[in-house]
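Here the structure comes first, spelled out in C-alpha cells, and everything after it is commentary.
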Amino acid sequence: MPRGEGRAAAPAAHVSSQPQSAHARVESELTSGMSTGAIKPARVISRLLPYLWPRENLSFKIRISAAIGFLLGAKALTVCVPFLYKFAVDALDSGGAAQSVTLVVGLIVSYGLARFATTAFQQLRDAIFNRVGQNAIHQMSRDVFSHLHRLPLSFHLARRTGGLSRAIERGTKSMDFMLRFMLFNIVPTILEFILVSVIFGVNFGLIFALINIVAISSYIFFTFRITAWRTALRRRMVDQDTKATTKAVDSLLNFETVKYFNNEQHEIDRYDDALKQYENAAVKSQSSLSLLNVGQAAITGACLIAVMALTAKGVVEDRFTLGDLILVNTLLIQLFIPLNLLGFVYREIKQGFVDMEYMFALLDHPIDVADKKDACALANPRGDIVFDSVGFAYDERRTILQNVSFRVAAGTSLAIVGPSGAGKSTISRILYRFYDVTAGAVLVGGEDIRDVTQSSLRQSIGMVPQDAVLFNDTIAYNIGYGRPGAPHDEIVAAAKLAQIHEFVESLPDGYETTVGERGLKLSGGEKQRVAIARTILKDPPMLVLDEATSALDTATEHEIQAALSHVMAARTTIIIAHRLSTIVGADQILVLDKGCVVEIGRHEELLAADGLYARMWARQDGDDNAFASQADI
C-alpha cells in the first residue's frame, strides 16, 4: 500500500433511503483527506496546548522551560560561531606576531567548542522534550481511541475502517511533526532572521539589512504561494492514498467473499486503478516540488551574490576585513539552511492542521447515547425487564418499533419471533442501550435504563449475537474476554458448558490456538460456541440470545440448547429466534410484525390462537419435514 498518505445503517431491513446519513457524512469528511472548510490554526493550537502544557504536571512544565532555554542557548551560539571564525581569519590576516598564533589557536578552539556546544544544546533540547512530545501523542491517541469506543453504533456501522485508521494515523503523526518543527524550526529561524538583520544593519550598514529582509521576504512569499498551489495537488494525492488503502483493507477483511465469487482479479484491478490514480497525483505533486526548489535556490543565490559582492567591494576599499566576507557568508548560509526546509515545513504544518482538525472533529463528534451527569449504577440487575410503550426509529421518517410493551419477569425467559425486518434485533440493541428510545421507556428492576450508567447496565447483560466476531488472538483469550483476568480453569469450565472443550483439546495448540482475523480459522459453529463460552464466563444476571444457535448443526444445537438451558436458569433471558423449534420452552413468546406486538403467550396458547405464530410454525414445520425427506433420499 502506498505511504503518505441505521442514521447509519441499522439492521439490513431498516436501512434508510436517505442519500447519506449524518454519521456517514462526518465519517467521509474525516477520512477523505480533503478539507470541508477553512482550517482554523488558532483553534487547532488551542486544542493542542493542553496536551503540551498539562496544568497538573509540574515536571513537564520544567522540561518544556528547560528545552526552551537550550533552544535559545543553541541559537545564540549559532549566531556567535561565525564571529569566532571571522576573528580567527582576521588574526591570521593581520600578520605573524607570536601572540597572534596563540590568539588564532584560542579562537579556533573556541570556534570548535562553540560548534560542539550548539549541537550539544540541540540534542539536550530534544532529549528533554522527547518525553513531553511522546506523552502528548500518547494522551491524544488514547483520547481518540477512548472516544471511538463511546461513539454510537450507527457511526461504527457507517465507518470505513481503513480510511478512518489512516486519518487517525495521519493526525497523530502530524502532532509529532508540528510539535518539533513549530517549536524547534520555525521559532528559532524567525529569531535568527531578526538577529542576522540587526547584525547586518549595525556592522555593515542598512543596505545589507535591507537586502536580507527583501530576500527573506521574497523567499517566504514565493514559498507560500507555490505551496498553496501545491496543497491541492497533495490533498488529491492523499485522497487517492486513502481510497487505495480503504479498498485494500476492505478487500482483505472480506477475503472469503472474494474467494467465494472468484473475484481476485476484480479486486486486484480495483486496487491497481486506485494505485494508478495515486501515482498520477504523486507525480504532479513531486514535479511541483521541483519547481519550488528551483525558485528557492534562485532567491538564495541572488541574495548571496548581492551581499558578498558588496562585502568584497568593501574589503577592496579597506572598509571591511577578509573576516567580514567570511562572516556574512557564514551567517547567510546558516540562515538559509533551515529556510531551505520552509516549503516542506509550511506544507506539512498546513496539512498537519488539516489532519489534526479532522482528528479533533472526531473527538468532537457527538455521543448520541451518553450517561446523565447524575447517573448511578444499576441497583437491581436481577429485576424485571419492562418495555413500556416503546417507540423507535433509526430515521425519523420511518418508524421501526411502535408502542411495544411487554414484561419479562425476573428469572424467566421471553422469546421474540417474527418475520425478517419486524424489529427483533432492534429490541436487543435498545436494551443494551446502543440506541435510546424515541418514545416510551425501558425499565430494568424498576429503573429507566437512561438513568443508570451504561457500564453497569452492560455489565449485567450477556450477549450472544447471531454473527459472533472474535479477536485475532487465542481461543483462551477470546473465551476469557467475557471476564478479563479469569483463571484458566474457569475458562475451561465455560468451554465445557458451551460444548467446545473437546474440540479445543484436539487442536495441536489447544487453548493457545489463534483463531485468525475475525475468527476465520474456525467454522461458524465453533465461533458461535466460543461466543457462548465467553458469555457463560461473564456470568451475567440477564441474557440476550440473538439467534445464538443459528450457525450450528441440529445435533450440536440440541447440545448447546441443553447447556443454554442450564445457563438460563435463574437468569432473566430474552431469546431472539428465527427457528421456532428452539423456543417452544420459553416462558413467554412475543410475536412482532412491522414493529408492533401482534401476539404474546406460551407456545401452546399461540398455536391455539391460530394467528401469525401458528402460520409461521406450520410453515417451518413443513419446511423441516421437506428437508428431512430430501435428506432420506
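In the C-alpha cells, chains take the letters A, B, ... in the order shown, each chain's residues start at 1, and ligands count up from 1 in the order shown.
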key: Who sits within 7 Å of range 575-580 of chain A, only C-alpha atoms, same chain under 2 positions skipped, as a list in words   =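 Surrounding residues, per the criterion: Leu414, Ala415, Ile416, Val417, Lys424, Val544, Leu545, Asp546, Glu547, Thr573, Thr582, Ile583, Val584 and Trp617 of chain A.
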inquiry  = What's around range 112-128 of chain A at 12 Å? Count only C-alpha atoms, leave out sequence neighbours fewer than 2 positions away in its own chain, and write the answer as a PyMOL selection string.
reply    = chain A and resi 59-85+88+105-110+130-134+179-181+183-185+188
message = Can you pull out every residue from range 199-385 of chain A that DSSP, working from the backbone, puts in alpha helix (DSSP H), and format the result as a PyMOL selection string?
response = chain A and resi 199-203+206-253+255-260+264-316+322-339+342-364
query = Mind pulling up the distance from CA of Leu151 in chain A to CA of Ser389 in chain A?
reply = 26.6 Å
key: range 594-604 of chain A surroundings by only C-alpha atoms, 8 Å radius, close-in-sequence under 5 positions cut, as a list in words   =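 Returned residues: Thr399, Ile400, Leu401, Gln402, Asn403, Val404, Ser405, Gly421, Ala422, Gly423, Val584, Gly585, Ala586, Asp587, Gln588, Ile589, Gly611, Leu612 and Tyr613 of chain A.
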query = Where in range 183-406 of chain A does DSSP assign strand (DSSP E), given as an MDAnalysis selection string?
reply = chainID A and resid 385:392 401:406
ask   = Nearest to Asp448 in chain A among A:His149, A:Arg234, A:His138, A:Arg433, with distances taken over only C-alpha atoms: which residue is it?
value =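 Result for the nearest residue to Asp448 in chain A: A:Arg433.
The smallest atom-to-atom distance between Leu325 in chain A and any of A:Thr246, A:Asn254, A:Asn203, A:Ser425, using only C-alpha atoms, is found for A:Asn203.
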task = Mind checking which residues fall within 7 Å of range 345-349 of chain A, counting only C-alpha atoms, ignoring those fewer than 5 positions away in the same chain, and posting them as an NGL selection string?
result = :A and (178 or 227 or 231)
